[in-house]
file upload_26.pdb (PDB, C-alpha atoms, pLDDT in the B column)
ATOM      1  CA  MET A  28      86.261  84.405 118.780  1.00 85.00           C
ATOM      2  CA  ARG A  29      83.443  83.142 116.560  1.00 85.00           C
ATOM      3  CA  LEU A  30      80.003  83.909 115.173  1.00 86.00           C
ATOM      4  CA  GLU A  31      77.080  81.560 115.771  1.00 85.00           C
ATOM      5  CA  LEU A  32      75.672  80.765 112.325  1.00 86.00           C
ATOM      6  CA  ALA A  33      72.382  79.248 113.546  1.00 84.00           C
ATOM      7  CA  ARG A  34      71.372  82.559 115.176  1.00 87.00           C
ATOM      8  CA  MET A  35      72.435  84.477 112.076  1.00 88.00           C
ATOM      9  CA  ARG A  36      70.512  82.161 109.721  1.00 87.00           C
ATOM     10  CA  ALA A  37      67.402  82.588 111.882  1.00 86.00           C
ATOM     11  CA  ALA A  38      67.557  86.376 111.441  1.00 86.00           C
ATOM     12  CA  PRO A  39      68.837  87.186 107.923  1.00 86.00           C
ATOM     13  CA  GLY A  40      69.762  90.836 107.520  1.00 86.00           C
ATOM     14  CA  CYS A  41      70.058  91.480 111.269  1.00 88.00           C
ATOM     15  CA  VAL A  42      73.416  92.900 112.320  1.00 91.00           C
ATOM     16  CA  PHE A  43      75.364  91.016 114.977  1.00 92.00           C
ATOM     17  CA  LYS A  44      78.183  92.854 116.746  1.00 93.00           C
ATOM     18  CA  LEU A  45      81.298  91.283 118.179  1.00 91.00           C
ATOM     19  CA  SER A  46      84.215  92.880 119.993  1.00 92.00           C
ATOM     20  CA  GLY A  47      87.089  91.613 122.048  1.00 92.00           C
ATOM     21  CA  GLU A  48      90.657  90.463 121.772  1.00 93.00           C
ATOM     22  CA  GLU A  49      92.183  87.590 119.840  1.00 91.00           C
ATOM     23  CA  GLU A  50      95.407  86.027 121.147  1.00 92.00           C
ATOM     24  CA  ILE A  51      97.671  85.599 118.133  1.00 90.00           C
ATOM     25  CA  PRO A  52     101.313  85.159 119.180  1.00 90.00           C
ATOM     26  CA  SER A  53     102.721  85.619 115.659  1.00 91.00           C
ATOM     27  CA  VAL A  54     101.819  85.858 111.982  1.00 91.00           C
ATOM     28  CA  GLU A  55     103.712  84.619 108.948  1.00 89.00           C
ATOM     29  CA  TRP A  56     104.383  87.441 106.467  1.00 86.00           C
ATOM     30  CA  TRP A  57     106.472  86.966 103.302  1.00 87.00           C
ATOM     31  CA  GLY A  58     108.395  84.058 104.834  1.00 88.00           C
ATOM     32  CA  GLU A  59     109.090  85.897 108.082  1.00 87.00           C
ATOM     33  CA  GLU A  60     107.514  85.059 111.445  1.00 91.00           C
ATOM     34  CA  LEU A  61     106.440  88.341 113.098  1.00 92.00           C
ATOM     35  CA  ALA A  62     105.733  88.447 116.847  1.00 93.00           C
ATOM     36  CA  LEU A  63     102.682  90.395 117.968  1.00 93.00           C
ATOM     37  CA  GLU A  64     102.815  92.436 121.159  1.00 92.00           C
ATOM     38  CA  GLY A  65      99.788  91.486 123.241  1.00 90.00           C
ATOM     39  CA  ALA A  66      96.384  90.546 121.905  1.00 92.00           C
ATOM     40  CA  VAL A  67      94.875  91.911 118.698  1.00 95.00           C
ATOM     41  CA  LYS A  68      91.871  94.155 119.372  1.00 96.00           C
ATOM     42  CA  VAL A  69      88.923  93.142 117.203  1.00 95.00           C
ATOM     43  CA  GLN A  70      85.633  94.852 116.435  1.00 95.00           C
ATOM     44  CA  ALA A  71      83.261  93.246 113.969  1.00 94.00           C
ATOM     45  CA  SER A  72      79.717  93.538 112.779  1.00 93.00           C
ATOM     46  CA  ALA A  73      78.162  90.887 110.568  1.00 93.00           C
ATOM     47  CA  PHE A  74      74.906  89.925 108.909  1.00 92.00           C
ATOM     48  CA  PHE A  75      73.722  86.803 107.092  1.00 90.00           C
ATOM     49  CA  GLN A  76      72.238  86.905 103.597  1.00 88.00           C
ATOM     50  CA  GLU A  77      71.797  84.058 101.057  1.00 86.00           C
ATOM     51  CA  GLU A  78      74.354  81.607 102.521  1.00 86.00           C
ATOM     52  CA  ARG A  79      76.961  84.339 102.962  1.00 88.00           C
ATOM     53  CA  VAL A  80      78.074  86.299 105.982  1.00 91.00           C
ATOM     54  CA  PHE A  81      79.048  89.908 105.330  1.00 93.00           C
ATOM     55  CA  VAL A  82      81.567  91.079 107.923  1.00 92.00           C
ATOM     56  CA  THR A  83      82.936  94.527 108.675  1.00 94.00           C
ATOM     57  CA  LEU A  84      86.154  93.774 110.530  1.00 94.00           C
ATOM     58  CA  GLU A  85      88.450  96.189 112.343  1.00 95.00           C
ATOM     59  CA  VAL A  86      91.759  95.002 113.834  1.00 96.00           C
ATOM     60  CA  SER A  87      94.459  96.897 115.711  1.00 96.00           C
ATOM     61  CA  GLY A  88      97.545  96.076 117.718  1.00 95.00           C
ATOM     62  CA  ARG A  89     101.330  96.199 117.740  1.00 95.00           C
ATOM     63  CA  VAL A  90     103.892  94.032 115.945  1.00 95.00           C
ATOM     64  CA  HIS A  91     107.659  93.572 116.288  1.00 94.00           C
ATOM     65  CA  ARG A  92     109.462  94.292 113.005  1.00 93.00           C
ATOM     66  CA  ARG A  93     112.868  95.150 111.588  1.00 92.00           C
ATOM     67  CA  CYS A  94     113.465  98.517 109.946  1.00 94.00           C
ATOM     68  CA  SER A  95     113.611  98.116 106.158  1.00 92.00           C
ATOM     69  CA  ARG A  96     116.619 100.462 105.906  1.00 92.00           C
ATOM     70  CA  CYS A  97     118.877  99.750 108.911  1.00 93.00           C
ATOM     71  CA  LEU A  98     117.463  96.422 110.231  1.00 92.00           C
ATOM     72  CA  ALA A  99     117.000  97.807 113.773  1.00 92.00           C
ATOM     73  CA  GLU A 100     114.287  96.228 115.944  1.00 94.00           C
ATOM     74  CA  THR A 101     111.148  98.354 116.057  1.00 93.00           C
ATOM     75  CA  VAL A 102     107.571  98.004 117.295  1.00 94.00           C
ATOM     76  CA  GLU A 103     104.953  99.147 114.812  1.00 93.00           C
ATOM     77  CA  ALA A 104     101.303  99.930 115.550  1.00 94.00           C
ATOM     78  CA  PHE A 105      98.770  98.702 112.994  1.00 95.00           C
ATOM     79  CA  HIS A 106      95.094  99.332 112.308  1.00 96.00           C
ATOM     80  CA  HIS A 107      92.970  97.952 109.479  1.00 95.00           C
ATOM     81  CA  ARG A 108      89.290  98.012 108.586  1.00 96.00           C
ATOM     82  CA  ASP A 109      87.881  95.719 105.919  1.00 93.00           C
ATOM     83  CA  PHE A 110      84.564  94.506 104.522  1.00 94.00           C
ATOM     84  CA  LEU A 111      84.482  90.767 103.797  1.00 91.00           C
ATOM     85  CA  GLU A 112      82.030  88.404 102.153  1.00 90.00           C
ATOM     86  CA  VAL A 113      82.369  84.880 103.551  1.00 89.00           C
ATOM     87  CA  PRO A 114      80.479  81.970 101.926  1.00 88.00           C
ATOM     88  CA  VAL A 115      79.103  79.661 104.636  1.00 83.00           C
ATOM     89  CA  GLU A 116      77.079  77.135 102.639  1.00 79.00           C
ATOM     90  CA  GLY A 117      77.687  73.739 104.242  1.00 73.00           C
ATOM     91  CA  ALA A 118      79.675  75.307 107.087  1.00 72.00           C
ATOM     92  CA  GLY A 119      79.389  74.069 110.651  1.00 77.00           C
ATOM     93  CA  ALA A 120      77.641  75.770 113.548  1.00 84.00           C
ATOM     94  CA  TYR A 121      80.183  78.580 113.898  1.00 83.00           C
ATOM     95  CA  LEU A 122      82.238  80.922 111.755  1.00 84.00           C
ATOM     96  CA  GLU A 123      85.715  81.115 113.272  1.00 87.00           C
ATOM     97  CA  MET A 124      87.018  84.683 113.235  1.00 89.00           C
ATOM     98  CA  ARG A 125      90.704  83.877 113.806  1.00 91.00           C
ATOM     99  CA  PRO A 126      91.616  83.342 110.104  1.00 91.00           C
ATOM    100  CA  LEU A 127      89.840  86.595 109.214  1.00 91.00           C
ATOM    101  CA  VAL A 128      91.673  88.444 112.005  1.00 92.00           C
ATOM    102  CA  GLU A 129      95.046  87.022 110.907  1.00 92.00           C
ATOM    103  CA  SER A 130      94.326  88.118 107.346  1.00 92.00           C
ATOM    104  CA  GLY A 131      93.385  91.596 108.613  1.00 93.00           C
ATOM    105  CA  VAL A 132      96.681  91.828 110.502  1.00 93.00           C
ATOM    106  CA  ARG A 133      98.649  90.886 107.371  1.00 93.00           C
ATOM    107  CA  LEU A 134      96.789  93.494 105.320  1.00 93.00           C
ATOM    108  CA  ALA A 135      97.511  96.152 107.959  1.00 93.00           C
ATOM    109  CA  LEU A 136     101.282  95.649 107.912  1.00 93.00           C
ATOM    110  CA  ASN A 137     103.448  98.296 106.316  1.00 91.00           C
ATOM    111  CA  PRO A 138     105.565  96.708 103.551  1.00 90.00           C
ATOM    112  CA  ARG A 139     108.527  99.006 104.354  1.00 92.00           C
ATOM    113  CA  PRO A 140     108.598  99.670 108.114  1.00 93.00           C
ATOM    114  CA  LEU A 141     110.991 102.325 109.414  1.00 93.00           C
ATOM    115  CA  CYS A 142     112.514 102.681 112.874  1.00 92.00           C
ATOM    116  CA  ARG A 143     112.042 106.458 112.496  1.00 92.00           C
ATOM    117  CA  PRO A 144     111.014 108.689 109.566  1.00 93.00           C
ATOM    118  CA  ASP A 145     114.548 110.041 108.990  1.00 94.00           C
ATOM    119  CA  CYS A 146     116.343 106.657 109.049  1.00 94.00           C
ATOM    120  CA  LYS A 147     119.524 106.841 106.950  1.00 92.00           C
ATOM    121  CA  GLY A 148     119.937 103.087 106.597  1.00 92.00           C
ATOM    122  CA  ILE A 149     123.054 101.013 106.025  1.00 91.00           C
ATOM    123  CA  CYS A 150     125.797 102.045 103.578  1.00 90.00           C
ATOM    124  CA  PRO A 151     125.760  99.549 100.684  1.00 87.00           C
ATOM    125  CA  THR A 152     129.539  99.851 100.318  1.00 86.00           C
ATOM    126  CA  CYS A 153     131.031  99.719 103.827  1.00 87.00           C
ATOM    127  CA  GLY A 154     128.071  98.354 105.810  1.00 86.00           C
ATOM    128  CA  ALA A 155     128.028 101.154 108.414  1.00 87.00           C
ATOM    129  CA  ASP A 156     124.718 101.938 110.134  1.00 90.00           C
ATOM    130  CA  LEU A 157     124.539 105.606 109.132  1.00 89.00           C
ATOM    131  CA  ASN A 158     122.167 106.402 112.015  1.00 89.00           C
ATOM    132  CA  ARG A 159     124.914 105.568 114.537  1.00 90.00           C
ATOM    133  CA  GLU A 160     128.238 106.068 112.761  1.00 88.00           C
ATOM    134  CA  GLU A 161     129.920 107.739 109.800  1.00 87.00           C
ATOM    135  CA  HIS A 162     131.160 105.862 106.758  1.00 83.00           C
ATOM    136  CA  ARG A 163     134.139 103.650 107.513  1.00 84.00           C
ATOM    137  CA  PRO A 164     137.604 104.765 106.372  1.00 82.00           C
ATOM    138  CA  GLY A 165     138.192 104.116 102.674  1.00 79.00           C
ATOM    139  CA  CYS A 166     134.494 103.760 101.873  1.00 81.00           C
ATOM    140  CA  GLU A 167     133.955 104.376  98.166  1.00 78.00           C
ATOM    141  CA  ALA A 168     130.536 105.912  98.869  1.00 76.00           C
ATOM    142  CA  THR A 169     132.273 109.036 100.254  1.00 74.00           C
ATOM    143  CA  LEU A 170     134.320 109.538  97.059  1.00 68.00           C
ATOM    144  CA  PRO A 171     132.824 111.679  94.301  1.00 73.00           C
ATOM    145  CA  GLN A 172     131.248 109.346  91.763  1.00 74.00           C
ATOM    146  CA  LEU A 173     131.007 110.136  88.071  1.00 75.00           C
ATOM    147  CA  ASP A 174     127.705 109.220  86.487  1.00 79.00           C
ATOM    148  CA  PRO A 175     128.597 106.443  83.981  1.00 80.00           C
ATOM    149  CA  ARG A 176     126.288 108.043  81.414  1.00 85.00           C
ATOM    150  CA  LEU A 177     128.544 111.120  81.400  1.00 82.00           C
ATOM    151  CA  ALA A 178     131.909 109.296  81.214  1.00 82.00           C
ATOM    152  CA  LYS A 179     132.201 109.720  77.421  1.00 83.00           C
ATOM    153  CA  LEU A 180     131.504 113.454  77.732  1.00 85.00           C
ATOM    154  CA  LYS A 181     134.307 113.803  80.283  1.00 82.00           C
ATOM    155  CA  GLU A 182     136.628 111.952  77.908  1.00 84.00           C
ATOM    156  CA  LEU A 183     135.781 114.340  75.064  1.00 86.00           C
ATOM    157  CA  LEU A 184     136.200 117.450  77.224  1.00 85.00           C
ATOM    158  CA  GLY A 185     139.422 115.989  78.563  1.00 72.00           C
TER     159      GLY A 185
END
call {"tool": "encode", "arguments": {"input": "upload_26.pdb", "output": "structure tokens"}}
result
Amino acid sequence: MRLELARMRAAPGCVFKLSGEEEIPSVEWWGEELALEGAVKVQASAFFQEERVFVTLEVSGRVHRRCSRCLAETVEAFHHRDFLEVPVEGAGAYLEMRPLVESGVRLALNPRPLCRPDCKGICPTCGADLNREEHRPGCEATLPQLDPRLAKLKELLG
């Protein structure tokens, strides 16, 4: 997907619309390679002004992620709309949209995805997935814990 700069330069200020799908198999996000489900839907409108292209970009699709609490596989829908200013002085005949679309996908991603809103996560002590099982026998998380800030008070009250 790309915009033809010669046509845009010939008509500064005129809005050019672009819509379609961009095949992006995966995106790199914080050192993790995330697989996209199907093509990314793209809608864009752009105009040329003083060696810059101003783009309104809207991306949507689905991405495979891991839940931030229990690490279960989940598929998350994303949608993002952005307004970009792209300098094109000395650029070739076309403005490639793929890098802009990939950036839009990264901006749309939830930093803490959940498999479901009430996900209980993994016990930090025994490692049990609390969505599927109870704490394991002998887990210290099930024992009543005294707040360390109140330990001296308990000592005094004996």
call {"tool": "closest_residue", "arguments": {"input": "upload_26.pdb", "among": "A:Gln172, A:Thr152, A:Ser46, A:Asn137", "to": "A:Val102", "atoms": "only C-alpha atoms"}}
result
A:Asn137
call {"tool": "residues_around", "arguments": {"input": "upload_26.pdb", "residues": "A:Cys142", "least_positions_apart": "4", "cutoff": "7 Å", "atoms": "only C-alpha atoms", "output": "PyMOL selection string"}}
result
chain A and resi 94+99+101+146
call {"tool": "residues_near_point", "arguments": {"input": "upload_26.pdb", "point": "(73.9, 79.3, 116.4)", "cutoff": "10 Å", "atoms": "all atoms listed in the file", "output": "ChimeraX atom specification"}}
result
/A:30-37,119-122
call {"tool": "residues_around", "arguments": {"input": "upload_26.pdb", "residues": "A:Arg159", "least_positions_apart": "6", "cutoff": "10 Å", "atoms": "only C-alpha atoms", "output": "compact mmCIF listing (two decimals) with C-alpha atoms, in the frame of the given file"}}
result
# COMPACT_ATOMS: atom_id res chain seq x y z
CA LYS A 147 119.52 106.84 106.95
CA GLY A 148 119.94 103.09 106.60
CA ILE A 149 123.05 101.01 106.02
call {"tool": "resolve_selection", "arguments": {"input": "upload_26.pdb", "expression": "the PyMOL selection byres ((chain A and resi 73) around 7)", "output": "PyMOL selection string"}}
result
chain A and resi 42-44+71-72+74-75+80-83
call {"tool": "atom_distance", "arguments": {"input": "upload_26.pdb", "atom1": "atom CA of A:Glu64", "atom2": "atom CA of A:Phe105"}}
result
11.1 Å
call {"tool": "resolve_selection", "arguments": {"input": "upload_26.pdb", "expression": "the PyMOL selection byres ((chain A and resi 150) around 10)", "output": "count of residues only"}}
result
17
call {"tool": "atom_distance", "arguments": {"input": "upload_26.pdb", "atom1": "atom CA of A:Arg92", "atom2": "atom CA of A:Leu111"}}
result
26.9 Å
call {"tool": "atom_distance", "arguments": {"input": "upload_26.pdb", "atom1": "atom CA of A:Leu98", "atom2": "atom CA of A:Arg143"}}
result
11.6 Å
call {"tool": "resolve_selection", "arguments": {"input": "upload_26.pdb", "expression": "the PyMOL selection byres ((chain A and resi 77-79) around 6)", "output": "PyMOL selection string"}}
result
chain A and resi 75-76+80+113-116
call {"tool": "closest_residue", "arguments": {"input": "upload_26.pdb", "among": "A:Leu84, A:Leu61, A:Leu183, A:Ile51", "to": "A:Leu127", "atoms": "all atoms listed in the file"}}
result
A:Leu84
call {"tool": "closest_residue", "arguments": {"input": "upload_26.pdb", "among": "A:Asp145, A:Leu177, A:Glu112, A:Val128", "to": "A:Gly47", "atoms": "all atoms listed in the file"}}
result
A:Val128
call {"tool": "closest_residue", "arguments": {"input": "upload_26.pdb", "among": "A:Glu59, A:Ser95, A:Lys181, A:Val69", "to": "A:Pro138", "atoms": "all atoms listed in the file"}}
result
A:Ser95
call {"tool": "residues_around", "arguments": {"input": "upload_26.pdb", "residues": "A:Glu48", "least_positions_apart": "5", "cutoff": "10 Å", "atoms": "all atoms listed in the file", "output": "ChimeraX atom specification"}}
result
/A:28,65-70,86-88
call {"tool": "residues_near_point", "arguments": {"input": "upload_26.pdb", "point": "(98.5, 83.7, 112.2)", "cutoff": "10 Å", "atoms": "only C-alpha atoms", "output": "MDAnalysis selection string"}}
result
chainID A and resid 50:56 60:63 125:130 132:133
call {"tool": "build_atoms", "arguments": {"input": "upload_26.pdb", "residues": "stretch 83-106 of chain A", "atoms": "N, CA and C atoms", "output": "PDB file, keeping the file's coordinate frame"}}
result
ATOM      1  N   THR A  83      82.084  93.345 108.597  1.00 94.00           N
ATOM      2  CA  THR A  83      82.936  94.527 108.675  1.00 94.00           C
ATOM      3  C   THR A  83      83.874  94.270 109.838  1.00 94.00           C
ATOM      4  N   LEU A  84      85.159  94.186 109.545  1.00 94.00           N
ATOM      5  CA  LEU A  84      86.154  93.774 110.530  1.00 94.00           C
ATOM      6  C   LEU A  84      87.175  94.882 110.731  1.00 94.00           C
ATOM      7  N   GLU A  85      87.442  95.189 111.994  1.00 95.00           N
ATOM      8  CA  GLU A  85      88.450  96.189 112.343  1.00 95.00           C
ATOM      9  C   GLU A  85      89.432  95.553 113.320  1.00 95.00           C
ATOM     10  N   VAL A  86      90.722  95.579 112.973  1.00 96.00           N
ATOM     11  CA  VAL A  86      91.759  95.002 113.834  1.00 96.00           C
ATOM     12  C   VAL A  86      92.809  96.062 114.138  1.00 96.00           C
ATOM     13  N   SER A  87      93.369  95.988 115.345  1.00 96.00           N
ATOM     14  CA  SER A  87      94.459  96.897 115.711  1.00 96.00           C
ATOM     15  C   SER A  87      95.341  96.221 116.745  1.00 96.00           C
ATOM     16  N   GLY A  88      96.590  96.646 116.777  1.00 95.00           N
ATOM     17  CA  GLY A  88      97.545  96.076 117.718  1.00 95.00           C
ATOM     18  C   GLY A  88      98.939  96.582 117.432  1.00 95.00           C
ATOM     19  N   ARG A  89      99.921  95.832 117.919  1.00 95.00           N
ATOM     20  CA  ARG A  89     101.330  96.199 117.740  1.00 95.00           C
ATOM     21  C   ARG A  89     102.118  94.956 117.346  1.00 95.00           C
ATOM     22  N   VAL A  90     103.100  95.149 116.462  1.00 95.00           N
ATOM     23  CA  VAL A  90     103.892  94.032 115.945  1.00 95.00           C
ATOM     24  C   VAL A  90     105.376  94.393 115.979  1.00 95.00           C
ATOM     25  N   HIS A  91     106.202  93.389 116.285  1.00 94.00           N
ATOM     26  CA  HIS A  91     107.659  93.572 116.288  1.00 94.00           C
ATOM     27  C   HIS A  91     108.171  93.360 114.867  1.00 94.00           C
ATOM     28  N   ARG A  92     108.930  94.336 114.375  1.00 93.00           N
ATOM     29  CA  ARG A  92     109.462  94.292 113.005  1.00 93.00           C
ATOM     30  C   ARG A  92     110.926  94.697 112.992  1.00 93.00           C
ATOM     31  N   ARG A  93     111.522  94.620 111.829  1.00 92.00           N
ATOM     32  CA  ARG A  93     112.868  95.150 111.588  1.00 92.00           C
ATOM     33  C   ARG A  93     112.726  96.292 110.589  1.00 92.00           C
ATOM     34  N   CYS A  94     113.464  97.363 110.839  1.00 94.00           N
ATOM     35  CA  CYS A  94     113.465  98.517 109.946  1.00 94.00           C
ATOM     36  C   CYS A  94     113.929  98.068 108.558  1.00 94.00           C
ATOM     37  N   SER A  95     113.259  98.532 107.518  1.00 92.00           N
ATOM     38  CA  SER A  95     113.611  98.116 106.158  1.00 92.00           C
ATOM     39  C   SER A  95     114.890  98.774 105.649  1.00 92.00           C
ATOM     40  N   ARG A  96     115.383  99.795 106.337  1.00 92.00           N
ATOM     41  CA  ARG A  96     116.619 100.462 105.906  1.00 92.00           C
ATOM     42  C   ARG A  96     117.839 100.062 106.725  1.00 92.00           C
ATOM     43  N   CYS A  97     117.696 100.005 108.066  1.00 93.00           N
ATOM     44  CA  CYS A  97     118.877  99.750 108.911  1.00 93.00           C
ATOM     45  C   CYS A  97     118.795  98.432 109.687  1.00 93.00           C
ATOM     46  N   LEU A  98     117.683  97.721 109.584  1.00 92.00           N
ATOM     47  CA  LEU A  98     117.463  96.422 110.231  1.00 92.00           C
ATOM     48  C   LEU A  98     117.376  96.489 111.755  1.00 92.00           C
ATOM     49  N   ALA A  99     117.162  97.668 112.322  1.00 92.00           N
ATOM     50  CA  ALA A  99     117.000  97.807 113.773  1.00 92.00           C
ATOM     51  C   ALA A  99     115.633  97.266 114.186  1.00 92.00           C
ATOM     52  N   GLU A 100     115.566  96.700 115.399  1.00 94.00           N
ATOM     53  CA  GLU A 100     114.287  96.228 115.944  1.00 94.00           C
ATOM     54  C   GLU A 100     113.377  97.428 116.183  1.00 94.00           C
ATOM     55  N   THR A 101     112.115  97.287 115.824  1.00 93.00           N
ATOM     56  CA  THR A 101     111.148  98.354 116.057  1.00 93.00           C
ATOM     57  C   THR A 101     109.787  97.728 116.339  1.00 93.00           C
ATOM     58  N   VAL A 102     108.939  98.453 117.037  1.00 94.00           N
ATOM     59  CA  VAL A 102     107.571  98.004 117.295  1.00 94.00           C
ATOM     60  C   VAL A 102     106.650  98.949 116.535  1.00 94.00           C
ATOM     61  N   GLU A 103     105.810  98.369 115.693  1.00 93.00           N
ATOM     62  CA  GLU A 103     104.953  99.147 114.812  1.00 93.00           C
ATOM     63  C   GLU A 103     103.484  98.937 115.196  1.00 93.00           C
ATOM     64  N   ALA A 104     102.746 100.027 115.309  1.00 94.00           N
ATOM     65  CA  ALA A 104     101.303  99.930 115.550  1.00 94.00           C
ATOM     66  C   ALA A 104     100.613  99.692 114.204  1.00 94.00           C
ATOM     67  N   PHE A 105      99.528  98.916 114.224  1.00 95.00           N
ATOM     68  CA  PHE A 105      98.770  98.702 112.994  1.00 95.00           C
ATOM     69  C   PHE A 105      97.284  98.851 113.282  1.00 95.00           C
ATOM     70  N   HIS A 106      96.545  99.199 112.235  1.00 96.00           N
ATOM     71  CA  HIS A 106      95.094  99.332 112.308  1.00 96.00           C
ATOM     72  C   HIS A 106      94.558  99.081 110.903  1.00 96.00           C
TER      73      HIS A 106
END
